[in-house]
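Colleague: Pasting run37.txt below, which is compact mmCIF, C-alpha atoms and all ligand atoms.
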```
# COMPACT_ATOMS: atom_id res chain seq x y z
CA MET A 1 50.48 -9.04 -2.13
CA ARG A 2 47.72 -11.57 -1.60
CA THR A 3 44.51 -11.01 -3.56
CA ILE A 4 41.11 -11.63 -1.98
CA HIS A 5 38.46 -12.33 -4.62
CA VAL A 6 34.99 -10.88 -4.21
CA GLY A 7 31.85 -11.61 -6.22
CA MET A 8 29.07 -9.05 -5.94
CA LEU A 9 25.38 -9.82 -6.45
CA GLY A 10 23.69 -6.64 -7.67
CA ILE A 11 24.95 -3.31 -8.95
CA GLY A 12 22.29 -0.80 -7.91
CA ASN A 13 23.07 2.26 -5.82
CA ILE A 14 24.62 0.27 -2.96
CA GLY A 15 26.66 -1.84 -5.37
CA LYS A 16 28.05 1.27 -7.02
CA GLY A 17 28.71 2.80 -3.60
CA THR A 18 30.58 -0.32 -2.49
CA TRP A 19 32.73 -0.31 -5.64
CA GLN A 20 33.47 3.38 -5.15
CA THR A 21 34.26 2.94 -1.43
CA LEU A 22 36.72 0.15 -2.25
CA GLU A 23 38.44 2.20 -4.96
CA GLN A 24 38.59 5.34 -2.77
CA GLY A 25 40.04 3.34 0.11
CA ARG A 26 42.23 0.96 -1.88
CA ALA A 27 45.60 2.46 -0.97
CA ARG A 28 44.75 2.67 2.73
CA ILE A 29 43.29 -0.85 2.79
CA GLU A 30 46.38 -2.28 1.08
CA GLU A 31 48.74 -0.38 3.33
CA THR A 32 46.91 -1.45 6.49
CA THR A 33 46.05 -5.06 5.68
CA GLY A 34 48.64 -5.96 3.05
CA LEU A 35 45.77 -7.30 0.94
CA ASP A 36 44.54 -6.59 -2.56
CA ILE A 37 40.74 -6.86 -2.43
CA ARG A 38 39.26 -7.26 -5.91
CA ILE A 39 35.66 -7.35 -7.05
CA ASP A 40 36.12 -9.89 -9.84
CA ARG A 41 32.56 -10.51 -10.92
CA ILE A 42 29.25 -8.67 -10.62
CA LEU A 43 25.83 -10.23 -11.12
CA CYS A 44 23.32 -7.97 -12.87
CA ARG A 45 19.96 -8.54 -14.53
CA THR A 46 21.03 -7.14 -17.89
CA ILE A 47 24.46 -6.10 -19.09
CA ARG A 48 24.31 -2.48 -20.26
CA PRO A 49 27.11 -0.03 -21.12
CA GLU A 50 25.87 2.44 -18.45
CA ARG A 51 26.76 -0.06 -15.74
CA ALA A 52 30.41 -0.02 -16.82
CA GLU A 53 30.39 3.77 -17.10
CA ALA A 54 28.87 4.13 -13.61
CA ILE A 55 31.85 2.38 -12.02
CA GLY A 56 34.46 3.68 -14.46
CA VAL A 57 35.54 0.46 -16.19
CA THR A 58 36.29 0.03 -19.88
CA PRO A 59 33.99 -2.07 -22.13
CA ALA A 60 36.72 -4.74 -22.29
CA GLN A 61 36.94 -4.90 -18.48
CA ALA A 62 33.14 -4.89 -18.26
CA GLU A 63 32.95 -8.02 -20.38
CA ALA A 64 34.98 -9.99 -17.85
CA LEU A 65 33.31 -8.32 -14.87
CA PHE A 66 29.57 -8.52 -15.48
CA THR A 67 27.52 -11.67 -15.63
CA THR A 68 23.81 -12.47 -15.65
CA ASP A 69 24.46 -16.00 -14.36
CA PRO A 70 24.47 -16.32 -10.51
CA ALA A 71 26.37 -19.63 -10.76
CA ALA A 72 29.30 -17.74 -12.32
CA ILE A 73 29.84 -16.28 -8.84
CA LEU A 74 28.26 -18.76 -6.43
CA ASP A 75 29.99 -21.79 -7.96
CA ASP A 76 33.31 -20.19 -8.89
CA PRO A 77 35.96 -21.75 -6.62
CA ALA A 78 38.16 -18.65 -7.00
CA ILE A 79 35.63 -16.37 -5.24
CA ASP A 80 36.36 -16.01 -1.51
CA ILE A 81 33.61 -13.58 -0.46
CA VAL A 82 30.11 -13.09 -1.90
CA VAL A 83 28.63 -9.64 -1.31
CA GLU A 84 24.84 -9.67 -1.68
CA LEU A 85 23.36 -6.27 -2.55
CA MET A 86 20.22 -7.24 -4.46
CA GLY A 87 17.65 -6.50 -1.74
CA GLY A 88 14.39 -8.40 -1.21
CA ILE A 89 14.07 -11.77 0.52
CA GLU A 90 14.29 -13.92 -2.60
CA PRO A 91 16.27 -14.87 -4.57
CA ALA A 92 18.81 -13.14 -2.29
CA THR A 93 18.37 -15.68 0.54
CA SER A 94 18.78 -18.69 -1.78
CA TYR A 95 21.89 -17.17 -3.36
CA MET A 96 23.44 -16.47 0.07
CA ALA A 97 22.59 -20.01 1.23
CA GLN A 98 24.23 -21.44 -1.89
CA ALA A 99 27.36 -19.33 -1.39
CA LEU A 100 27.67 -20.45 2.26
CA LYS A 101 27.20 -24.11 1.30
CA ASN A 102 29.96 -23.64 -1.27
CA GLY A 103 32.30 -22.48 1.50
CA LYS A 104 32.20 -18.78 0.65
CA HIS A 105 31.97 -16.01 3.23
CA VAL A 106 28.93 -13.78 2.80
CA VAL A 107 28.43 -10.05 3.38
CA THR A 108 24.98 -8.55 2.91
CA ALA A 109 23.17 -5.23 3.31
CA ASN A 110 19.80 -6.99 3.14
CA LYS A 111 17.71 -6.33 6.28
CA ALA A 112 14.60 -8.08 4.96
CA ALA A 113 16.51 -11.30 4.18
CA ILE A 114 18.43 -11.26 7.48
CA ALA A 115 15.30 -10.48 9.53
CA ALA A 116 13.43 -13.31 7.80
CA ASN A 117 16.19 -15.91 7.39
CA GLY A 118 19.11 -14.85 9.60
CA GLU A 119 18.82 -17.93 11.80
CA MET A 120 19.01 -20.36 8.89
CA LEU A 121 21.85 -18.43 7.22
CA SER A 122 23.83 -18.19 10.49
CA GLN A 123 23.45 -21.94 10.96
CA LEU A 124 24.70 -22.57 7.41
CA ALA A 125 27.68 -20.29 8.01
CA ARG A 126 28.52 -22.23 11.14
CA GLU A 127 28.14 -25.63 9.49
CA ASN A 128 30.41 -24.57 6.64
CA SER A 129 32.96 -22.76 8.85
CA VAL A 130 32.57 -19.44 7.08
CA MET A 131 31.56 -15.94 8.16
CA LEU A 132 28.23 -14.17 7.59
CA ARG A 133 28.31 -10.42 8.18
CA PHE A 134 25.53 -7.84 7.72
CA GLU A 135 26.67 -4.51 9.23
CA ALA A 136 25.06 -2.52 6.38
CA SER A 137 21.63 -4.04 7.01
CA VAL A 138 20.91 -1.78 10.03
CA ALA A 139 21.42 1.99 10.05
CA GLY A 140 23.64 2.14 6.95
CA GLY A 141 27.01 3.67 7.77
CA ILE A 142 26.61 3.46 11.59
CA PRO A 143 28.67 0.48 12.85
CA ILE A 144 26.03 -0.50 15.41
CA ILE A 145 26.17 -4.26 14.76
CA ASN A 146 29.90 -4.36 15.34
CA ALA A 147 29.55 -2.11 18.40
CA VAL A 148 27.00 -4.26 20.23
CA SER A 149 28.61 -7.55 19.13
CA SER A 150 32.18 -6.76 20.03
CA PRO A 151 33.31 -3.71 22.01
CA LEU A 152 30.08 -3.66 24.06
CA LEU A 153 29.86 -7.42 24.56
CA ALA A 154 30.48 -7.21 28.31
CA ASN A 155 27.23 -5.26 28.77
CA THR A 156 23.72 -6.46 29.43
CA PHE A 157 21.39 -4.07 27.67
CA SER A 158 18.25 -2.77 29.31
CA GLU A 159 16.86 -0.74 26.41
CA MET A 160 17.43 0.62 22.95
CA HIS A 161 15.65 3.23 20.87
CA GLY A 162 16.45 3.79 17.24
CA ILE A 163 15.61 6.18 14.47
CA LEU A 164 16.27 3.53 11.85
CA ASN A 165 14.55 4.91 8.78
CA GLY A 166 15.87 7.98 7.00
CA THR A 167 12.87 8.53 4.74
CA THR A 168 10.39 8.87 7.58
CA ASN A 169 12.76 10.96 9.67
CA TYR A 170 13.19 13.30 6.69
CA ILE A 171 9.41 13.61 6.27
CA LEU A 172 8.79 14.24 9.99
CA THR A 173 11.60 16.82 10.16
CA GLN A 174 10.26 18.71 7.15
CA MET A 175 6.74 18.66 8.61
CA SER A 176 8.11 20.00 11.86
CA GLU A 177 10.29 22.72 10.32
CA TYR A 178 7.85 24.01 7.71
CA GLY A 179 4.47 23.19 9.30
CA LYS A 180 3.49 21.19 6.20
CA ASP A 181 1.19 18.19 6.13
CA TYR A 182 2.33 14.62 5.58
CA ALA A 183 1.00 14.22 2.00
CA GLU A 184 2.63 17.46 0.82
CA VAL A 185 6.05 16.58 2.27
CA LEU A 186 5.89 13.01 0.92
CA LYS A 187 5.20 14.32 -2.59
CA ASP A 188 8.08 16.74 -2.31
CA ALA A 189 10.41 14.03 -0.94
CA GLN A 190 9.51 11.74 -3.86
CA ALA A 191 10.15 14.52 -6.38
CA LYS A 192 13.61 15.07 -4.85
CA GLY A 193 14.35 11.33 -4.81
CA PHE A 194 14.48 11.06 -0.98
CA ALA A 195 11.43 8.80 -0.86
CA GLU A 196 10.71 5.77 -3.06
CA ALA A 197 7.91 5.92 -5.66
CA ASP A 198 6.28 3.21 -3.51
CA PRO A 199 7.12 4.39 0.02
CA THR A 200 5.02 1.74 1.83
CA ALA A 201 7.90 -0.16 3.48
CA ASP A 202 9.33 3.08 4.86
CA VAL A 203 6.23 5.02 5.90
CA GLU A 204 4.43 2.01 7.38
CA GLY A 205 7.43 1.13 9.56
CA ILE A 206 8.15 -2.22 7.82
CA ASP A 207 11.76 -1.28 7.04
CA ALA A 208 12.34 -0.19 10.65
CA ALA A 209 10.70 -3.39 11.99
CA ASN A 210 13.12 -5.53 9.94
CA LYS A 211 16.05 -3.59 11.39
CA LEU A 212 14.65 -3.74 14.94
CA SER A 213 14.16 -7.51 14.64
CA ILE A 214 17.90 -7.84 13.84
CA LEU A 215 18.91 -5.54 16.72
CA ILE A 216 16.72 -7.44 19.20
CA SER A 217 18.50 -10.66 18.31
CA LEU A 218 21.92 -9.01 18.71
CA ILE A 219 21.13 -7.07 21.89
CA PHE A 220 18.69 -9.34 23.77
CA GLY A 221 19.46 -12.71 22.19
CA ILE A 222 15.91 -13.69 21.22
CA LYS A 223 14.02 -14.08 17.99
CA VAL A 224 11.22 -11.59 17.44
CA GLY A 225 10.19 -11.63 13.78
CA PRO A 226 9.27 -8.32 12.11
CA ASP A 227 5.64 -9.47 11.98
CA GLU A 228 5.56 -9.97 15.76
CA ILE A 229 6.62 -6.37 16.43
CA ALA A 230 3.73 -3.98 17.14
CA ARG A 231 4.03 -1.52 14.30
CA GLU A 232 2.50 1.74 13.23
CA GLY A 233 3.72 4.06 10.50
CA ILE A 234 3.67 7.83 10.13
CA THR A 235 0.80 8.23 7.66
CA ARG A 236 -1.64 9.47 10.33
CA ILE A 237 0.64 12.19 11.70
CA SER A 238 -0.76 15.60 10.89
CA ALA A 239 0.61 19.11 11.09
CA HIS A 240 -1.64 19.49 14.19
CA ASP A 241 0.14 16.65 16.00
CA ILE A 242 3.54 18.09 15.15
CA ARG A 243 2.51 21.55 16.33
CA PHE A 244 0.86 20.37 19.54
CA ALA A 245 3.85 18.16 20.32
CA LYS A 246 6.21 21.09 19.79
CA GLU A 247 4.13 23.36 22.02
CA SER A 248 4.37 20.74 24.77
CA GLY A 249 8.15 20.38 24.41
CA TYR A 250 8.34 17.25 22.24
CA ARG A 251 9.43 16.20 18.73
CA ILE A 252 7.66 13.37 16.92
CA LYS A 253 9.98 10.58 15.74
CA LEU A 254 9.35 7.12 14.29
CA LEU A 255 10.96 5.14 17.12
CA ALA A 256 12.03 1.52 16.94
CA SER A 257 12.24 0.54 20.61
CA ALA A 258 13.01 -2.53 22.66
CA ALA A 259 13.44 -2.84 26.41
CA GLU A 260 14.02 -5.73 28.78
CA LYS A 261 12.39 -5.93 32.20
CA ASP A 262 11.94 -8.93 34.50
CA GLY A 263 12.64 -11.48 31.78
CA LYS A 264 10.37 -9.88 29.22
CA VAL A 265 11.26 -7.95 26.10
CA TYR A 266 8.87 -5.18 25.04
CA CYS A 267 9.19 -3.76 21.55
CA SER A 268 7.47 -1.67 18.93
CA VAL A 269 7.95 0.54 15.91
CA GLU A 270 5.69 3.56 16.23
CA PRO A 271 5.70 7.34 16.08
CA ALA A 272 6.46 8.73 19.51
CA LEU A 273 6.71 12.10 21.22
CA VAL A 274 10.35 12.46 22.30
CA PRO A 275 11.27 15.23 24.79
CA GLU A 276 13.12 17.97 22.93
CA ASP A 277 16.12 17.70 25.28
CA HIS A 278 16.61 13.97 24.53
CA PRO A 279 19.53 13.38 22.11
CA LEU A 280 17.20 11.54 19.69
CA ALA A 281 15.03 14.65 19.29
CA SER A 282 17.87 16.46 17.54
CA VAL A 283 18.35 13.74 14.89
CA SER A 284 17.02 15.45 11.78
CA ASN A 285 16.20 14.74 8.17
CA GLU A 286 17.64 11.57 6.65
CA PHE A 287 19.95 10.82 9.58
CA ASN A 288 19.64 7.71 11.75
CA ALA A 289 20.59 7.16 15.37
CA VAL A 290 20.64 4.30 17.83
CA PHE A 291 20.49 4.99 21.56
CA VAL A 292 21.42 2.01 23.78
CA THR A 293 21.74 1.62 27.53
CA GLY A 294 24.21 -1.01 28.73
CA SER A 295 24.80 -2.27 32.26
CA ALA A 296 28.41 -1.08 32.35
CA VAL A 297 28.72 1.61 29.71
CA ASP A 298 25.39 3.33 30.55
CA SER A 299 23.81 5.32 27.70
CA LEU A 300 25.41 5.73 24.29
CA MET A 301 24.10 7.24 21.10
CA PHE A 302 25.35 6.34 17.62
CA TYR A 303 24.50 8.87 14.94
CA GLY A 304 25.06 9.01 11.20
CA ARG A 305 23.76 8.35 7.73
CA GLY A 306 21.49 5.33 7.63
CA ALA A 307 21.27 5.08 3.87
CA GLY A 308 22.95 6.18 0.66
CA PRO A 309 25.53 4.49 -1.58
CA LEU A 310 28.73 5.57 0.18
CA PRO A 311 27.68 5.27 3.86
CA THR A 312 26.22 1.83 3.12
CA GLY A 313 29.24 0.97 0.96
CA SER A 314 31.45 1.90 3.90
CA ALA A 315 29.64 -0.63 6.13
CA VAL A 316 29.79 -3.34 3.45
CA MET A 317 33.51 -2.78 2.94
CA GLY A 318 34.11 -2.89 6.72
CA ASP A 319 32.73 -6.44 6.74
CA VAL A 320 34.65 -7.43 3.61
CA ILE A 321 37.93 -6.17 5.08
CA GLU A 322 37.31 -7.97 8.39
CA ILE A 323 36.75 -11.25 6.55
CA ALA A 324 39.69 -10.67 4.19
CA VAL A 325 41.99 -10.23 7.19
CA GLU A 326 40.69 -13.49 8.69
CA ILE A 327 41.22 -15.32 5.39
CA ASN A 328 44.78 -14.04 5.29
CA LYS A 329 45.48 -15.23 8.84
CA GLY A 330 44.57 -18.73 7.70
CA ASN A 331 43.19 -19.66 11.13
CA ALA A 332 39.77 -21.01 11.94
CA PHE A 333 37.17 -18.41 11.06
CA ASP A 334 35.26 -16.44 13.63
CA ASN A 335 31.94 -18.04 12.67
CA ILE A 336 30.18 -17.69 16.00
CA PRO A 337 26.82 -16.30 14.86
CA LEU A 338 26.23 -12.67 15.75
CA LEU A 339 22.48 -13.31 15.74
CA ARG A 340 21.42 -15.10 18.91
CA TYR A 341 18.18 -16.82 19.76
CA ASP A 342 19.03 -18.55 23.03
CA ALA A 343 18.32 -16.05 25.83
CA ASP A 344 15.82 -16.95 28.53
CA LEU A 345 13.53 -14.04 27.68
CA THR A 346 10.08 -13.80 26.13
CA CYS A 347 8.62 -11.16 23.88
CA ALA A 348 5.68 -9.53 25.68
CA GLY A 349 4.28 -7.06 23.15
CA GLU A 350 4.79 -3.34 23.42
CA GLY A 351 4.22 -2.91 27.17
CA ALA A 352 2.73 0.00 29.09
CA HIS A 353 3.54 3.55 28.00
CA ARG A 354 2.36 7.10 28.28
CA TYR A 355 0.20 8.18 25.35
CA TYR A 356 -0.91 11.36 23.65
CA VAL A 357 -4.48 11.30 22.35
CA ARG A 358 -5.86 13.96 20.02
CA MET A 359 -9.60 14.10 19.55
CA THR A 360 -12.15 16.53 18.16
CA VAL A 361 -15.02 17.24 20.52
CA ALA A 362 -18.14 19.37 20.73
CA ASN A 363 -17.39 22.64 22.50
CA ARG A 364 -19.99 22.12 25.22
CA THR A 365 -20.24 22.06 29.01
CA GLY A 366 -19.32 18.76 30.63
CA VAL A 367 -17.32 17.30 27.73
CA LEU A 368 -14.01 17.25 29.54
CA GLY A 369 -15.50 15.72 32.68
CA SER A 370 -17.28 12.99 30.74
CA ILE A 371 -14.11 11.94 28.90
CA ALA A 372 -11.99 12.09 32.05
CA ASP A 373 -14.55 9.88 33.83
CA THR A 374 -14.25 7.21 31.16
CA PHE A 375 -10.45 7.27 31.33
CA GLY A 376 -10.79 6.92 35.12
CA ALA A 377 -13.19 3.99 34.78
CA HIS A 378 -10.47 2.18 32.77
CA ASN A 379 -7.87 3.02 35.40
CA ILE A 380 -6.12 5.45 33.08
CA SER A 381 -4.72 8.48 34.80
CA VAL A 382 -4.63 11.78 32.90
CA LYS A 383 -1.33 13.67 33.07
CA SER A 384 -2.32 16.77 31.14
CA VAL A 385 -5.04 18.12 28.92
CA ILE A 386 -4.98 20.97 26.42
CA GLN A 387 -7.95 22.46 24.61
CA ARG A 388 -7.25 24.51 21.52
CA GLY A 389 -9.39 26.75 19.35
CA ALA A 390 -8.55 26.97 15.66
CA GLY A 391 -6.61 29.56 13.70
CA ALA A 392 -7.40 33.26 14.06
CA ALA A 393 -10.62 32.57 15.93
CA ASP A 394 -8.62 31.03 18.77
CA ALA A 395 -9.95 32.15 22.16
CA ARG A 396 -12.12 34.93 20.70
CA GLU A 397 -15.36 33.09 20.11
CA ALA A 398 -16.85 29.76 21.03
CA LEU A 399 -16.35 27.36 18.15
CA PRO A 400 -18.80 24.47 17.71
CA GLU A 401 -15.98 21.88 17.82
CA VAL A 402 -12.43 21.98 19.15
CA PRO A 403 -9.36 19.74 19.33
CA LEU A 404 -8.72 18.25 22.75
CA LEU A 405 -5.34 16.76 23.61
CA PHE A 406 -4.67 14.38 26.45
CA ILE A 407 -1.44 12.94 27.72
CA VAL A 408 -2.16 9.92 29.89
CA TYR A 409 0.12 8.05 32.29
CA GLU A 410 1.41 4.52 31.68
CA THR A 411 -1.22 2.19 30.34
CA GLU A 412 -1.33 -0.79 27.98
CA ARG A 413 -2.35 0.19 24.47
CA SER A 414 -5.17 -2.38 24.55
CA THR A 415 -6.62 -0.74 27.70
CA LEU A 416 -6.35 2.68 26.05
CA ASN A 417 -8.09 1.36 22.94
CA GLU A 418 -10.97 0.01 25.05
CA ALA A 419 -11.39 3.37 26.78
CA LEU A 420 -11.22 5.22 23.47
CA ALA A 421 -13.81 2.92 21.89
CA GLU A 422 -16.16 3.94 24.68
CA ILE A 423 -15.19 7.62 24.39
CA SER A 424 -15.73 7.56 20.60
CA GLY A 425 -19.28 6.36 21.19
CA LYS A 426 -20.21 9.59 23.04
CA ASP A 427 -22.14 12.05 20.87
CA ILE A 428 -19.94 14.86 22.15
CA VAL A 429 -16.85 13.22 20.61
CA LEU A 430 -16.69 13.80 16.87
CA SER A 431 -13.49 11.83 16.26
CA VAL A 432 -10.41 10.35 17.92
CA ASP A 433 -7.79 11.66 15.50
CA ASN A 434 -4.51 10.22 16.67
CA ILE A 435 -2.86 8.22 19.43
CA LEU A 436 0.91 8.48 19.87
CA ARG A 437 3.29 7.04 22.41
CA VAL A 438 5.06 9.50 24.71
CA GLU A 439 8.66 8.86 25.80
CA ASP A 440 9.85 10.59 28.93
N1 LIG B 1 14.68 3.10 2.96
C1 LIG B 1 15.67 3.13 3.99
C2 LIG B 1 15.57 4.48 4.72
C3 LIG B 1 17.05 2.99 3.43
O1 LIG B 1 14.83 5.38 4.29
O2 LIG B 1 16.21 4.63 5.72
C4 LIG B 1 17.92 1.93 3.90
O3 LIG B 1 17.42 0.93 4.69
```
Show the structure stored in the file as C-alpha cells.

Modeller:
Amino acid sequence: MRTIHVGMLGIGNIGKGTWQTLEQGRARIEETTGLDIRIDRILCRTIRPERAEAIGVTPAQAEALFTTDPAAILDDPAIDIVVELMGGIEPATSYMAQALKNGKHVVTANKAAIAANGEMLSQLARENSVMLRFEASVAGGIPIINAVSSPLLANTFSEMHGILNGTTNYILTQMSEYGKDYAEVLKDAQAKGFAEADPTADVEGIDAANKLSILISLIFGIKVGPDEIAREGITRISAHDIRFAKESGYRIKLLASAAEKDGKVYCSVEPALVPEDHPLASVSNEFNAVFVTGSAVDSLMFYGRGAGPLPTGSAVMGDVIEIAVEINKGNAFDNIPLLRYDADLTCAGEGAHRYYVRMTVANRTGVLGSIADTFGAHNISVKSVIQRGAGAADAREALPEVPLLFIVYETERSTLNEALAEISGKDIVLSVDNILRVED
C-alpha cells in the first residue's frame, strides 16, 4: 500500500482533532483509497510529554514525531502534504508559501491567513503545480467550500447568508432562551470554555468577516478583503432587543451576508432580525449554517458544527484525502485556484435594507409625530412602530420615558444614520439604543 506523508504545523485542539479523525477513519480511508496516510512530523513550540499523551503515542514515537524546527517539515523532501493548523496570519502564511515553493501540497484551517493572503498562496500553488485546500477555514465541519466549488459549479449565485461564528450564535441563543443580558452570557460562556478569554475576534464579527471574504471569492469571484466588509458585532445587543424581536416574530442572528444585483456585490457582517420561520432562525447555540441561492438549484441550507476539534478535523482530513488520491493517480494536479478574483463585479458596500431602531424617548404628546416627520424628511418610510412601558408598570401609569421601536423600509444605512443624528438632537429623544438590520 502506498504511503502518503503528511507534516503538520501545530498541535492545538484542531491538530489533535485531525490526528484523531485520521486514526478513527484509518481503516475506511485505506479500504476506500488504497492509501496509507501518515502524519510523520508535527511542528510544535515546545516538546512536552502531554502532547504525546494527548494523541496516544509512546515517548519513543514522540521523539521522531515532534519537532520545533519548521524546516524539518517544510524542507523535508519526503513530506507530500503540509497541513497548517497554527492559526494567525504569520508565521502561518510564510510557512505555507515555503511549502508550496518546495512543491508540497498545502491544507489549512486558517481563515485569517486565507482571507488576507489567499490570492498570493493560490498563485504560488499554481506556479508550483500543487494543490492548496482550505475547507476547514469556513464553517468547520460543513463542506461548503467543496459544495460551491464543485457540485454547485453550474450555478450563478444571487445571495448567501451565513451564521459563521459559533461563539456569537451560542451567546445570542442563550440570551434568547433565558432572557439574560450579553455580559452575563459571555461570562458564563467563557467559564464553560465556549468563548475565548479574549473574545474580540468572535464578538466583533472579525472571525465571520474573514470567512465571508473567502466565501465571496468562491461564490461571486471577486476580492473583498475582511476590512472592506461593513461589520458590526453583537456587543450592543441587549435583552430588550432580543425580547422585542421575539415579540415581533424574529430571532436575532449575527449574519454574514452577500448578494449580487446588477453587477454589484453587497455584503456585511452584522446582527440582523431573521423571521422566525426562516431556516436560519432555528440554527441554535454553537451551530453554523450557510444558506445559498443558486440560479439552478434554488435555495439550499448547509447546517452543522462550525468549530471543535473533530468537526474541523473532519474537514481537514477531507482535503488531505482528496490530495492523497490525486498524488496516487500521478496525473497533473487539479491546481485551478478555488479562490477567484476575476468576475466583472464591484463591491458596493452593504446596500439598502430594512432596519429596526430602538430608542428611549420622553413619554410626551407629539413625540411619535416629530420622529416620524424626520424619518419622512429623509425619505425613510416607517413600516411599524411599537411603544412599550417597562416591567410591572406597563400600561398602568404614564412613565416619564419609554422605549420606542421602529421598523423602517429599505434605506441605506448612511441615510438612516443621518436621520438618526437629527432625531438624537431632539430633546424628547433620550437615546438611540440600537440599530439592527431586518431580513424579510
Ligand atoms: N471562534 C470560531 C467560532 C471558531 O466561534 O465559530 C472557528 O472559526

Colleague: Please determine the residues with any atom at most 7 Å from (25.8, 7.7, 14.2) (coordinates as given in the file, with all atoms listed in the file counting) and report them as a list in words.

Modeller: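 Nearby residues: Ile142, Asn288, Ala289, Phe302, Tyr303, Gly304 and Arg305 of chain A.
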
Colleague: Can you find the residues with an atom no farther than 12 Å from (4.1, -5.8, 28.3), counting only C-alpha atoms, and report them as a short mmCIF file (atom, residue, chain, number, x, y, z; two decimals) with C-alpha atoms, keeping the file's coordinate frame?

Modeller:
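Final output, saved to result-v3.cif:
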```cif
data_model
loop_
_atom_site.label_atom_id
_atom_site.label_comp_id
_atom_site.auth_asym_id
_atom_site.auth_seq_id
_atom_site.Cartn_x
_atom_site.Cartn_y
_atom_site.Cartn_z
CA ALA A 230 3.73 -3.98 17.14
CA ALA A 258 13.01 -2.53 22.66
CA ALA A 259 13.44 -2.84 26.41
CA GLU A 260 14.02 -5.73 28.78
CA LYS A 261 12.39 -5.93 32.20
CA ASP A 262 11.94 -8.93 34.50
CA GLY A 263 12.64 -11.48 31.78
CA LYS A 264 10.37 -9.88 29.22
CA VAL A 265 11.26 -7.95 26.10
CA TYR A 266 8.87 -5.18 25.04
CA CYS A 267 9.19 -3.76 21.55
CA SER A 268 7.47 -1.67 18.93
CA THR A 346 10.08 -13.80 26.13
CA CYS A 347 8.62 -11.16 23.88
CA ALA A 348 5.68 -9.53 25.68
CA GLY A 349 4.28 -7.06 23.15
CA GLU A 350 4.79 -3.34 23.42
CA GLY A 351 4.22 -2.91 27.17
CA ALA A 352 2.73 0.00 29.09
CA HIS A 353 3.54 3.55 28.00
CA GLU A 410 1.41 4.52 31.68
CA THR A 411 -1.22 2.19 30.34
CA GLU A 412 -1.33 -0.79 27.98
CA ARG A 413 -2.35 0.19 24.47
CA SER A 414 -5.17 -2.38 24.55
CA THR A 415 -6.62 -0.74 27.70
#
```

Colleague: Collect all residues with atoms no farther than 8 Å from ligand LIG 1 (chain B), counting all atoms listed in the file, and output them as an NGL selection string.

Modeller: :A and (111 or 137-140 or 164-168 or 194-196 or 201-202 or 207-208 or 286 or 288 or 306-308)

Colleague: Give me the residues within 10 Å of Val385 (chain A) as a ChimeraX atom specification, counting only C-alpha atoms and dropping any in the same chain fewer than 6 places off.

Modeller: /A:356-358,368,372,404-408

Colleague: Return the single residue from A:Pro77, A:Gly141, A:Gly103, A:Pro70 that is closest to Gly313 (chain A), with distances computed using all atoms listed in the file.

Modeller: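 With all atoms listed in the file as the atom set, the closest residue is A:Gly141.
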
Colleague: Tell me, in Å to one decimal, how far CA of Ile242 (chain A) is from CA of Arg354 (chain A).

Modeller: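 Between CA of Ile242 (chain A) and CA of Arg354 (chain A) the gap works out to 17.2 Å.
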
Colleague: When distances are computed from all atoms listed in the file, which of A:Ser248, A:Thr173, A:Gln387, A:Ser213 shows the smallest separation from Val283 (chain A)?

Modeller: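 Closest to Val283 (chain A), using all atoms listed in the file: A:Thr173.
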
Colleague: Given 5 Å of margin on each side, can you work out the centre and size in Å (one decimal) of an axis-aligned box holding every listed atom of region 377-386 of chain A, as AutoDock Vina command-line options?

Modeller:
```
--center_x -7.3 --center_y 11.6 --center_z 30.9 --size_x 21.9 --size_y 28.8 --size_z 19.0
```

Colleague: Quick one: pull the distance between CA of Ile428 (chain A) and CA of Glu232 (chain A), Å, one decimal.

Modeller: 27.5 Å

Colleague: With all atoms listed in the file as the atoms that count, which of A:Ile237, A:Ala421, A:Ala72, A:Leu9 lies nearest to Lys253 (chain A)?

Modeller: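 Closest to Lys253 (chain A), using all atoms listed in the file: A:Ile237.
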
Colleague: Distance CA of Thr68 (chain A)-CA of Glu23 (chain A), one decimal place?

Modeller: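 Distance between the two atoms: 23.3 Å.
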
Colleague: Give the answer as one residue: which of A:Asn128, A:Asn155, A:Asn13, A:Thr21 has the shortest atom-to-atom distance to Asp298 (chain A), using all atoms listed in the file?

Modeller: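 Comparing A:Asn128, A:Asn155, A:Asn13, A:Thr21 against Asp298 (chain A), the winner is A:Asn155.
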
Colleague: Select, from A:Ile219, A:Ile55, A:Met175, A:Ala109, the residue with the minimum atom-to-atom distance to Thr312 (chain A), counting only C-alpha atoms.

Modeller: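 Ranked by minimum distance to Thr312 (chain A), first place goes to A:Ala109.
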
Colleague: Report as a ChimeraX atom specification all protein, DNA and RNA residues lying within 6 Å of region 24-39 of chain A, evaluated on all atoms listed in the file, omitting residues in the same chain fewer than 2 positions from it.

Modeller: /A:1-7,20-22,41

Colleague: Can you list, as a JSON list (two decimals) with C-alpha atoms, keeping the file's coordinate frame, every protein, DNA or RNA residue that comes within 12 Å of Pro49 (chain A) when you count all atoms listed in the file, leaving out same-chain residues fewer than 2 positions away?

Modeller:
```json
[["chain", "number", "residue", "atom", "x", "y", "z"],
["A", 46, "THR", "CA", 21.03, -7.14, -17.89],
["A", 47, "ILE", "CA", 24.46, -6.10, -19.09],
["A", 51, "ARG", "CA", 26.76, -0.06, -15.74],
["A", 52, "ALA", "CA", 30.41, -0.02, -16.82],
["A", 53, "GLU", "CA", 30.39, 3.77, -17.10],
["A", 54, "ALA", "CA", 28.87, 4.13, -13.61],
["A", 55, "ILE", "CA", 31.85, 2.38, -12.02],
["A", 56, "GLY", "CA", 34.46, 3.68, -14.46],
["A", 57, "VAL", "CA", 35.54, 0.46, -16.19],
["A", 58, "THR", "CA", 36.29, 0.03, -19.88],
["A", 59, "PRO", "CA", 33.99, -2.07, -22.13],
["A", 60, "ALA", "CA", 36.72, -4.74, -22.29],
["A", 61, "GLN", "CA", 36.94, -4.90, -18.48],
["A", 62, "ALA", "CA", 33.14, -4.89, -18.26],
["A", 63, "GLU", "CA", 32.95, -8.02, -20.38],
["A", 66, "PHE", "CA", 29.57, -8.52, -15.48]]
```

Colleague: Could you check which of A:Val432, A:Gly366, A:Asp342, A:Tyr170 is closest to Lys192 (chain A), using only C-alpha atoms?

Modeller: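 Closest candidate: A:Tyr170.
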